[in-house]
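The file final_11.cif contains mmCIF, C-alpha atoms:
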data_target
loop_
_atom_site.label_atom_id
_atom_site.label_comp_id
_atom_site.auth_asym_id
_atom_site.auth_seq_id
_atom_site.Cartn_x
_atom_site.Cartn_y
_atom_site.Cartn_z
CA MET A 1 99.12 131.69 120.15
CA LYS A 2 95.76 130.06 120.84
CA VAL A 3 93.67 128.97 117.90
CA TRP A 4 89.86 128.97 117.88
CA PRO A 5 88.93 125.26 118.10
CA LEU A 6 86.10 125.49 115.54
CA THR A 7 86.58 125.74 111.81
CA ILE A 8 84.45 128.02 109.64
CA ARG A 9 82.18 125.05 109.01
CA GLY A 10 81.92 124.29 112.71
CA THR A 11 81.30 127.92 113.63
CA GLY A 12 78.59 128.09 110.96
CA ALA A 13 76.99 124.91 112.30
CA VAL A 14 76.84 126.37 115.83
CA LEU A 15 75.35 129.66 114.59
CA LEU A 16 72.82 127.81 112.48
CA GLY A 17 71.86 125.65 115.45
CA LEU A 18 71.34 128.73 117.63
CA ALA A 19 69.27 130.35 114.90
CA CYS A 20 67.11 127.23 114.67
CA PHE A 21 66.61 127.35 118.42
CA VAL A 22 65.44 130.99 118.29
CA LEU A 23 63.19 130.40 115.33
CA ALA A 24 61.69 127.25 116.88
CA HIS A 25 60.54 129.26 119.90
CA ALA A 26 59.44 132.24 117.83
CA TYR A 27 57.33 130.28 115.34
CA LYS A 28 56.55 127.20 117.44
CA ILE A 29 58.24 124.86 114.93
CA THR A 30 59.28 121.74 116.82
CA GLU A 31 61.34 120.34 113.93
CA LEU A 32 63.76 123.25 114.21
CA LEU A 33 64.58 122.15 117.75
CA TYR A 34 65.60 118.74 116.37
CA VAL A 35 67.87 120.44 113.83
CA CYS A 36 69.34 122.62 116.59
CA VAL A 37 70.11 119.66 118.82
CA LEU A 38 71.54 117.65 115.90
CA LEU A 39 73.93 120.44 114.89
CA LEU A 40 75.11 121.15 118.41
CA VAL A 41 75.59 117.45 119.19
CA ALA A 42 77.57 116.99 115.97
CA VAL A 43 79.87 119.88 116.82
CA GLY A 44 80.27 118.67 120.40
CA ALA A 45 81.10 115.16 119.20
CA SER A 46 83.65 116.58 116.79
CA LEU A 47 85.39 118.45 119.62
CA ALA A 48 85.31 115.29 121.75
CA THR A 49 87.03 113.21 119.05
CA LEU A 50 89.93 115.66 119.00
CA TYR A 51 90.31 116.64 122.64
CA LEU A 52 89.05 113.60 124.54
CA VAL A 53 90.07 110.61 122.42
CA ARG A 54 93.57 109.56 123.36
CA ARG A 55 96.15 109.68 120.60
CA THR A 56 99.92 109.18 120.60
CA GLU A 57 102.34 110.58 118.04
CA ARG A 58 106.06 110.30 117.44
CA VAL A 59 108.34 112.12 115.02
CA THR A 60 111.70 110.98 113.69
CA ARG A 61 113.63 113.78 111.98
CA SER A 62 116.74 113.55 109.81
CA PHE A 63 118.86 115.82 107.61
CA SER A 64 120.51 115.11 104.31
CA PRO A 65 123.38 115.85 104.37
CA ASP A 66 123.95 115.59 108.13
CA LEU A 67 126.47 118.46 107.99
CA ALA A 68 125.37 121.49 105.99
CA THR A 69 127.55 124.32 104.74
CA VAL A 70 126.54 127.93 104.30
CA GLY A 71 124.62 128.44 101.07
CA THR A 72 123.84 124.76 100.44
CA GLN A 73 120.51 122.95 100.32
CA VAL A 74 119.47 120.59 103.10
CA GLN A 75 116.68 118.06 102.81
CA VAL A 76 114.66 117.65 106.00
CA ARG A 77 112.78 114.38 106.35
CA LEU A 78 110.17 113.60 109.01
CA HIS A 79 108.62 110.24 109.78
CA VAL A 80 105.41 110.88 111.76
CA GLU A 81 103.76 107.92 113.48
CA ILE A 82 100.18 108.37 114.69
CA ARG A 83 98.18 106.03 116.92
CA SER A 84 94.51 106.88 117.31
CA ALA A 85 91.22 105.02 117.59
CA LEU A 86 89.49 107.43 115.19
CA PRO A 87 90.46 108.60 111.70
CA MET A 88 91.65 112.13 110.95
CA THR A 89 90.81 114.12 107.88
CA GLN A 90 93.27 116.25 105.97
CA GLY A 91 95.00 118.90 108.09
CA ARG A 92 98.02 121.21 108.06
CA TRP A 93 101.58 120.86 109.31
CA GLN A 94 104.35 123.40 109.93
CA ASP A 95 107.91 122.91 111.12
CA ARG A 96 109.55 125.70 113.12
CA LEU A 97 112.64 127.26 111.49
CA THR A 98 115.07 129.85 112.79
CA ASP A 99 116.28 132.78 110.71
CA ALA A 100 119.53 130.86 110.10
CA VAL A 101 117.79 128.70 107.49
CA SER A 102 115.16 129.54 104.92
CA GLY A 103 112.57 127.43 103.18
CA ASP A 104 108.90 126.48 103.02
CA ALA A 105 108.38 124.25 106.05
CA SER A 106 104.61 123.81 105.84
CA GLY A 107 102.10 121.81 103.89
CA VAL A 108 99.01 119.62 103.88
CA PHE A 109 98.96 116.85 106.44
CA PRO A 110 97.31 113.85 104.80
CA ALA A 111 94.26 112.11 106.20
CA THR A 112 94.92 109.09 108.38
CA ALA A 113 92.74 106.05 108.80
CA SER A 114 91.44 104.64 112.06
CA GLY A 115 94.00 102.86 114.17
CA ILE A 116 91.57 100.04 114.93
CA GLY A 117 93.07 96.88 113.49
CA THR A 118 96.34 98.40 112.35
CA GLY A 119 96.86 100.48 115.47
CA SER A 120 99.01 103.09 113.77
CA GLY A 121 99.53 105.23 110.73
CA ALA A 122 102.75 106.65 109.35
CA VAL A 123 103.18 109.86 107.38
CA GLU A 124 106.34 110.84 105.52
CA ILE A 125 107.08 114.56 105.18
CA SER A 126 109.99 116.07 103.29
CA TYR A 127 111.00 119.63 102.49
CA GLY A 128 114.14 121.57 101.56
CA VAL A 129 115.84 124.50 103.28
CA THR A 130 118.87 126.64 102.54
CA ALA A 131 121.50 127.15 105.24
CA LEU A 132 122.11 130.89 105.60
CA ARG A 133 124.29 131.28 108.67
CA ARG A 134 127.06 129.28 110.31
CA GLY A 135 126.41 127.70 113.70
CA ILE A 136 124.28 125.05 115.38
CA HIS A 137 120.60 125.81 114.85
CA SER A 138 117.39 124.14 115.98
CA VAL A 139 114.81 122.84 113.53
CA GLY A 140 111.41 121.95 114.92
CA PRO A 141 109.27 121.04 116.72
CA LEU A 142 106.54 120.04 114.28
CA SER A 143 103.12 121.63 114.64
CA VAL A 144 100.14 119.71 113.28
CA THR A 145 96.60 121.03 113.03
CA SER A 146 94.20 118.08 113.11
CA LEU A 147 90.60 118.09 111.86
CA ASP A 148 87.75 115.84 112.93
CA PRO A 149 86.05 113.59 110.32
CA PHE A 150 83.28 116.16 109.76
CA GLY A 151 85.61 119.15 109.52
CA PHE A 152 83.82 120.99 112.34
CA ALA A 153 86.70 121.26 114.80
CA ARG A 154 90.47 121.56 114.74
CA ARG A 155 93.22 120.97 117.25
CA PRO A 156 96.71 122.45 116.84
CA HIS A 157 99.35 120.53 118.77
CA THR A 158 103.11 120.10 118.86
CA VAL A 159 104.60 116.75 117.85
CA GLY A 160 108.09 115.62 118.74
CA ALA A 161 111.03 117.81 119.70
CA GLU A 162 113.53 120.02 117.93
CA LEU A 163 116.73 118.69 116.35
CA SER A 164 120.00 120.56 115.95
CA LEU A 165 121.33 121.24 112.46
CA THR A 166 125.05 121.97 112.23
CA VAL A 167 125.94 124.53 109.57
CA ALA A 168 129.65 124.66 108.74
CA PRO A 169 131.42 127.51 106.93
CA ALA A 170 131.29 127.61 103.15
CA ILE A 171 134.19 125.72 101.57
CA VAL A 172 135.40 127.35 98.35
CA GLU A 173 137.29 125.35 95.75
CA LEU A 174 140.73 126.98 95.59
CA GLY A 175 143.30 126.65 92.84
CA ALA A 176 145.94 123.94 92.97
CA LEU A 177 149.61 124.53 93.74
CA SER A 178 150.74 122.58 90.71
CA ASP A 179 152.44 125.69 89.30
CA LEU A 180 154.96 125.51 92.14
CA PRO A 181 156.74 122.20 91.48
CA GLY A 182 159.11 121.24 94.26
CA GLU A 183 158.77 124.60 95.95
CA ALA A 184 155.89 123.94 98.32
CA GLY A 185 156.62 120.23 98.48
CA GLY A 186 153.35 118.30 98.56
CA SER A 187 153.01 114.55 98.49
CA MET A 188 154.44 114.49 94.96
CA HIS A 189 157.72 115.77 96.39
CA SER A 190 157.98 113.62 99.50
CA THR A 191 161.31 113.11 101.19
CA THR A 192 162.67 109.70 102.18
CA ASN A 193 163.88 108.45 105.53
CA GLN A 194 166.07 105.39 105.85
CA LEU A 195 164.79 103.14 108.57
CA GLY A 196 165.52 99.70 109.91
CA GLU A 197 163.85 96.50 108.82
CA GLY A 198 160.99 96.62 106.41
CA THR A 199 159.48 94.91 103.43
CA ASP A 200 158.08 97.81 101.37
CA ASN A 201 160.15 99.90 98.93
CA LEU A 202 163.29 97.89 99.75
CA ILE A 203 166.63 98.99 98.34
CA PRO A 204 169.99 97.31 99.08
CA ARG A 205 172.96 98.98 100.71
CA GLY A 206 176.39 97.80 101.77
CA TYR A 207 176.76 95.65 104.86
CA VAL A 208 177.83 97.53 108.01
CA SER A 209 179.20 95.82 111.09
CA GLY A 210 176.30 95.25 113.47
CA ASP A 211 173.64 94.67 110.80
CA SER A 212 171.47 91.62 111.38
CA MET A 213 172.25 88.65 109.16
CA ARG A 214 168.52 88.30 108.57
CA ARG A 215 168.59 91.55 106.58
CA ILE A 216 171.19 90.34 104.06
CA HIS A 217 169.90 90.71 100.52
CA TRP A 218 171.42 87.56 98.94
CA ARG A 219 170.48 88.34 95.34
CA ALA A 220 172.02 91.81 95.50
CA SER A 221 175.07 90.37 97.31
CA ALA A 222 175.61 87.83 94.54
CA HIS A 223 175.18 90.49 91.88
CA ARG A 224 177.68 92.91 93.43
CA ASP A 225 179.99 90.32 94.89
CA GLU A 226 179.76 91.87 98.35
CA LEU A 227 177.38 91.64 101.26
CA MET A 228 174.32 93.85 100.80
CA VAL A 229 171.49 94.37 103.33
CA ARG A 230 167.89 95.42 102.94
CA GLN A 231 167.13 99.06 103.57
CA GLU A 232 163.60 100.41 103.84
CA GLU A 233 162.63 103.56 102.01
CA GLN A 234 159.62 105.20 103.59
CA GLU A 235 157.88 108.20 102.19
CA THR A 236 157.02 110.94 104.66
CA THR A 237 154.18 113.35 104.12
CA PRO A 238 155.06 117.02 104.61
CA GLU A 239 153.05 119.25 106.89
CA ALA A 240 151.27 122.55 106.39
CA ILE A 241 149.89 124.99 108.93
CA VAL A 242 146.80 127.19 108.63
CA VAL A 243 146.39 129.94 111.23
CA LEU A 244 143.14 131.75 112.04
CA ASP A 245 143.84 134.94 113.97
CA ARG A 246 140.80 135.40 116.23
CA SER A 247 142.13 138.31 118.29
CA GLN A 248 139.17 140.43 119.28
CA HIS A 249 140.69 143.81 118.37
CA ARG A 250 140.90 142.75 114.72
CA TRP A 251 137.18 141.98 114.44
CA PRO A 252 133.89 143.81 115.13
CA VAL A 253 131.98 143.08 118.33
CA ALA A 254 129.47 140.91 116.43
CA ALA A 255 132.20 138.35 115.71
CA HIS A 256 132.47 137.64 119.44
CA ARG A 257 128.76 137.20 120.15
CA GLU A 258 127.74 134.28 117.98
CA PRO A 259 128.82 132.38 114.87
CA GLY A 260 127.65 133.90 111.61
CA ALA A 261 126.99 137.36 113.03
CA ASP A 262 129.84 139.26 111.35
CA PRO A 263 130.24 138.92 107.54
CA GLY A 264 133.96 139.77 107.63
CA PHE A 265 134.76 137.10 110.20
CA GLU A 266 132.67 134.62 108.20
CA ALA A 267 134.81 135.36 105.13
CA ALA A 268 137.91 134.64 107.21
CA VAL A 269 136.54 131.36 108.61
CA SER A 270 135.57 130.24 105.12
CA ALA A 271 139.05 131.15 103.82
CA CYS A 272 140.68 129.19 106.64
CA VAL A 273 138.72 125.98 106.02
CA SER A 274 139.02 126.34 102.24
CA ALA A 275 142.81 126.73 102.45
CA ALA A 276 143.04 123.68 104.70
CA ALA A 277 140.96 121.67 102.23
CA ARG A 278 143.20 122.72 99.34
CA LEU A 279 146.38 121.72 101.20
CA VAL A 280 144.90 118.36 102.24
CA HIS A 281 144.08 117.66 98.60
CA GLU A 282 147.64 118.63 97.70
CA GLY A 283 148.92 115.86 99.96
CA TYR A 284 149.81 117.71 103.16
CA VAL A 285 149.12 116.86 106.76
CA VAL A 286 147.37 120.05 107.86
CA HIS A 287 147.32 121.60 111.33
CA VAL A 288 144.79 124.39 111.91
CA ILE A 289 145.76 126.58 114.86
CA ASP A 290 144.96 129.88 116.53
CA ALA A 291 147.46 132.73 116.66
CA ASP A 292 148.52 131.55 120.13
CA GLY A 293 149.47 128.12 118.74
CA ASN A 294 146.50 126.17 120.14
CA GLU A 295 144.92 123.74 117.70
CA LEU A 296 141.37 124.56 116.66
CA SER A 297 140.73 121.05 115.40
CA GLU A 298 142.47 117.72 115.11
CA ARG A 299 145.08 117.49 112.40
CA VAL A 300 143.85 116.38 109.00
CA ASP A 301 145.92 113.79 107.15
CA ALA A 302 146.64 114.04 103.46
CA GLY A 303 143.61 113.14 101.37
CA ASP A 304 141.42 112.50 104.43
CA ALA A 305 137.89 113.51 103.38
CA SER A 306 136.36 112.53 106.72
CA GLY A 307 138.99 114.63 108.49
CA LEU A 308 137.96 117.64 106.42
CA GLU A 309 134.33 117.06 107.37
CA ARG A 310 135.34 116.93 111.03
CA LEU A 311 137.31 120.16 110.60
CA ALA A 312 134.30 121.89 109.01
CA ALA A 313 132.06 120.72 111.87
CA ASP A 314 134.52 122.05 114.46
CA PHE A 315 134.51 125.44 112.73
CA ALA A 316 130.71 125.68 112.87
CA THR A 317 130.98 127.34 116.29
CA VAL A 318 134.27 129.25 116.07
CA ARG A 319 134.10 132.87 117.25
CA ALA A 320 136.54 135.69 117.88
CA HIS A 321 137.99 135.68 121.40
CA HIS A 322 140.51 137.41 123.64
CA ASP A 323 143.46 139.30 122.23
CA VAL A 324 146.53 137.29 121.26
CA PRO A 325 149.65 139.21 120.18
CA LEU A 326 151.04 138.12 116.83
CA SER A 327 154.45 137.97 118.46
CA ARG A 328 153.46 134.59 119.91
CA LEU A 329 153.00 133.22 116.42
CA VAL A 330 156.37 134.62 115.32
CA HIS A 331 158.14 133.12 118.35
CA ARG A 332 156.60 129.73 117.58
CA PHE A 333 158.56 129.52 114.33
CA VAL A 334 161.88 130.91 115.54
CA GLY A 335 164.59 128.59 114.29
CA VAL A 336 162.05 126.40 112.50
CA LEU A 337 161.48 125.86 108.80
CA THR A 338 158.04 124.63 107.77
CA GLY A 339 156.05 123.91 104.65
CA PRO A 340 153.11 126.07 103.56
CA LEU A 341 151.96 128.56 106.19
CA VAL A 342 148.60 130.26 105.61
CA LEU A 343 147.69 133.09 107.97
CA VAL A 344 144.09 134.35 107.88
CA THR A 345 143.54 137.51 109.88
CA GLY A 346 141.43 140.64 110.22
CA ALA A 347 142.28 144.34 110.33
CA LEU A 348 146.06 144.80 110.09
CA GLU A 349 148.26 147.78 110.77
CA ASP A 350 151.75 148.64 109.53
CA ALA A 351 153.21 147.51 112.86
CA ASP A 352 151.61 144.10 112.38
CA ALA A 353 153.14 143.75 108.92
CA ASP A 354 156.57 144.61 110.32
CA LEU A 355 156.13 142.05 113.10
CA LEU A 356 155.13 139.33 110.65
CA ALA A 357 157.94 140.06 108.17
CA PRO A 358 160.49 137.56 109.58
CA LEU A 359 157.87 134.80 109.64
CA ALA A 360 157.67 134.70 105.85
CA HIS A 361 161.24 133.34 105.64
CA HIS A 362 160.40 130.32 107.78
CA SER A 363 157.92 128.85 105.29
CA SER A 364 158.21 127.39 101.80
CA LEU A 365 154.86 128.99 100.93
CA PRO A 366 153.86 131.92 103.21
CA VAL A 367 150.34 133.10 102.37
CA LEU A 368 148.66 136.03 104.16
CA LEU A 369 144.91 136.53 103.65
CA ALA A 370 143.43 139.51 105.48
CA VAL A 371 139.99 141.06 105.92
CA THR A 372 141.40 144.54 106.34
CA PRO A 373 140.26 148.00 105.20
CA ASP A 374 143.90 149.11 104.82
CA THR A 375 145.07 147.02 101.87
CA ASP A 376 148.27 149.07 101.64
CA VAL A 377 149.48 147.05 104.62
CA LEU A 378 149.46 143.98 102.39
CA THR A 379 151.84 145.67 99.98
CA GLY A 380 154.36 146.02 102.79
CA ALA A 381 153.86 142.40 103.81
CA ALA A 382 154.39 141.29 100.21
CA ALA A 383 157.67 143.18 100.11
CA ALA A 384 158.76 141.14 103.14
CA GLY A 385 158.10 137.86 101.32
CA TRP A 386 154.45 137.11 102.02
CA ARG A 387 152.06 136.10 99.25
CA THR A 388 149.15 138.33 100.14
CA GLY A 389 145.47 138.58 99.32
CA ALA A 390 142.67 140.86 100.51
CA ILE A 391 139.43 139.01 101.20
CA GLY A 392 136.01 140.05 102.46
CA PRO A 393 132.27 139.41 102.38
CA GLY A 394 131.12 138.62 98.86
CA TRP A 395 134.65 138.82 97.44
CA ASP A 396 136.09 136.19 95.14
CA LEU A 397 138.17 134.09 97.53
CA ALA A 398 139.39 131.74 94.79
CA ALA A 399 140.72 134.65 92.73
CA ALA A 400 142.47 136.15 95.76
CA TRP A 401 144.05 132.79 96.55
CA ASN A 402 145.23 132.21 92.99
CA ALA A 403 146.75 135.67 92.78
CA ALA A 404 148.45 135.22 96.15
CA VAL A 405 150.12 131.88 95.40
CA ASP A 406 151.31 133.37 92.11
CA ARG A 407 153.38 135.83 94.20
CA GLY A 408 150.96 138.67 93.62
CA VAL A 409 149.36 141.21 95.89
CA SER A 410 145.69 140.66 95.18
CA HIS A 411 142.90 143.13 95.91
CA VAL A 412 140.07 141.14 94.37
CA GLY A 413 136.56 142.53 94.74
CA VAL A 414 133.17 141.06 94.09
#

Any chance you could put this one into structure tokens?
Amino acid sequence: MKVWPLTIRGTGAVLLGLACFVLAHAYKITELLYVCVLLLVAVGASLATLYLVRRTERVTRSFSPDLATVGTQVQVRLHVEIRSALPMTQGRWQDRLTDAVSGDASGVFPATASGIGTGSGAVEISYGVTALRRGIHSVGPLSVTSLDPFGFARRPHTVGAELSLTVAPAIVELGALSDLPGEAGGSMHSTTNQLGEGTDNLIPRGYVSGDSMRRIHWRASAHRDELMVRQEEQETTPEAIVVLDRSQHRWPVAAHREPGADPGFEAAVSACVSAAARLVHEGYVVHVIDADGNELSERVDAGDASGLERLAADFATVRAHHDVPLSRLVHRFVGVLTGPLVLVTGALEDADADLLAPLAHHSSLPVLLAVTPDTDVLTGAAAAGWRTGAIGPGWDLAAAWNAAVDRGVSHVGV
């Protein structure tokens, strides 16, 4: 949208100059011609300082934090460098925002001095926004309206380029699994593997023909009066699997179009990442996969905070996709026993619950979280051994999770 280049003051000066010109001819007052020329020259000079004098500008934009999550505050910082031969008076600035973030991205642009001698001026701008929708969204470019030293003219212009802000799904703090000692088997219940040579967690065992003489534990041999060798005890971290069922027939059409478009799918994505975060904190190596078995992100090691941040960033753009039968997920675990298995899905039917029933017996902690209008299906799944919870937009995910891991069938509302 084009903006009239003259301010109210400048427009008034031009009108006054024209009036002086008319009156000078009507009443033969020569002095009014001087006033007319002075006003028009001043306005023309003001326009020239803005539109003819060369000026260079550069904007450096940053976000804090770099990765936002839905519902959190993000601080946007701009470092604006201006190079101009003439000073600028106070103006206005406005940063362009999409509807995925909200905030007041406008303000007063401070006056800058002449660049003669220093050659540049720097302005720091900072404002806060709230991330409203998951995805990768553009912030910027910056629009600055400059005023001449007399305030007669203005020039709106765009400075710099846009920068992408990544908004990850909301991560909800879920309850711990400490009420299930030894059952789910986190890092506190690690198993041990006996390996070859090592120096950590050494325990002696009896000598077996073929053992290297370098591994003989002489102190233990002298104590037991028989040859003993070093044996390494290494702790192994158990694994957990989180599944996000993205099959298109379980979700509305909006979930396929763009991230953040469907509230139900957003609740599922948030539940998936939140469950993964809980299991990582419990000491599991977590794999996050689709219903077809493909990994949606790199595995996250136990206690790896940076891995969780990477997982959240990967889920910023996840959408529903083509149909995948749940039978593929069931076949993946045939003949396999695993640790915690969390399945997050959409609308379920009784046939789906029957299909998933055998899967519950292949996990030490089978949890089924569903965004489904038919919550009676979850009752059938619970009877088959699943720990179930109904989730949805605005529902209390933490309460649904706690009720599910306590072997309940939870229908927790807002």

In Å, how far is it from CA of Asp290 (chain A) to CA of Gly380 (chain A)? 23.2 Å

d(CA of Leu329 (chain A), CA of His361 (chain A)) in Å: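 Calculated distance between CA of Leu329 (chain A) and CA of His361 (chain A) is 13.6 Å.
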
Name the residues that the PyMOL selection byres ((chain A and resi 384) around 9) pulls out of this structure, and write them as a VMD selection string. chain A and resid 353 to 354 356 to 358 360 to 361 379 to 383 385 to 386

What does the distance from CA of Leu359 (chain A) to CA of His322 (chain A) come to in Å, to one decimal?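 Computed distance, CA of Leu359 (chain A) to CA of His322 (chain A), equals 22.5 Å.
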
For region 63-74 of chain A, what centre and edge lengths in Å (one decimal) does the axis-aligned box get once 8 Å is added on each side of all its listed atoms, as JSON?
{"center_x": 123.2, "center_y": 121.8, "center_z": 104.2, "size_x": 24.7, "size_y": 29.3, "size_z": 23.8}

Apply the PyMOL selection byres ((chain A and resi 309-311) around 9) to the file shown and report the selected residues as a list in words. Leu67, Val273, Ala276, Val288, Leu296, Ser297, Glu298, Arg299, Val300, Asp304, Ala305, Ser306, Gly307, Leu308, Ala312, Ala313, Asp314, Phe315 and Ala316 of chain A

Of A:Ala131, A:Ala267, A:Ala222, A:Leu397, the one nearest to Val371 (chain A) when counting only C-alpha atoms is A:Ala267

Specify as a list in words each residue included when the PyMOL selection byres ((chain A and resi 252) around 12) is applied to this file. Arg246, Ser247, Gln248, His249, Arg250, Trp251, Val253, Ala254, Ala255, His256, Arg257, Glu258, Ala261, Asp262, Pro263, Gly264, Phe265, Glu266, Arg319, Ala320, His321, Gly346, Ala347, Val371 and Thr372 of chain A

Show me, as a ChimeraX atom specification, the residues that have an atom within 8 Å of Ser164 (chain A) when counting all atoms listed in the file, minus same-chain residues fewer than 6 positions from it. /A:136-139

How would the residues just picked look written out with C-alpha atoms as a short mmCIF file (atom, residue, chain, number, x, y, z; two decimals), keeping the file's coordinate frame?
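That gives us out-v3.cif:
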data_model
loop_
_atom_site.label_atom_id
_atom_site.label_comp_id
_atom_site.auth_asym_id
_atom_site.auth_seq_id
_atom_site.Cartn_x
_atom_site.Cartn_y
_atom_site.Cartn_z
CA ILE A 136 124.28 125.05 115.38
CA HIS A 137 120.60 125.81 114.85
CA SER A 138 117.39 124.14 115.98
CA VAL A 139 114.81 122.84 113.53
#
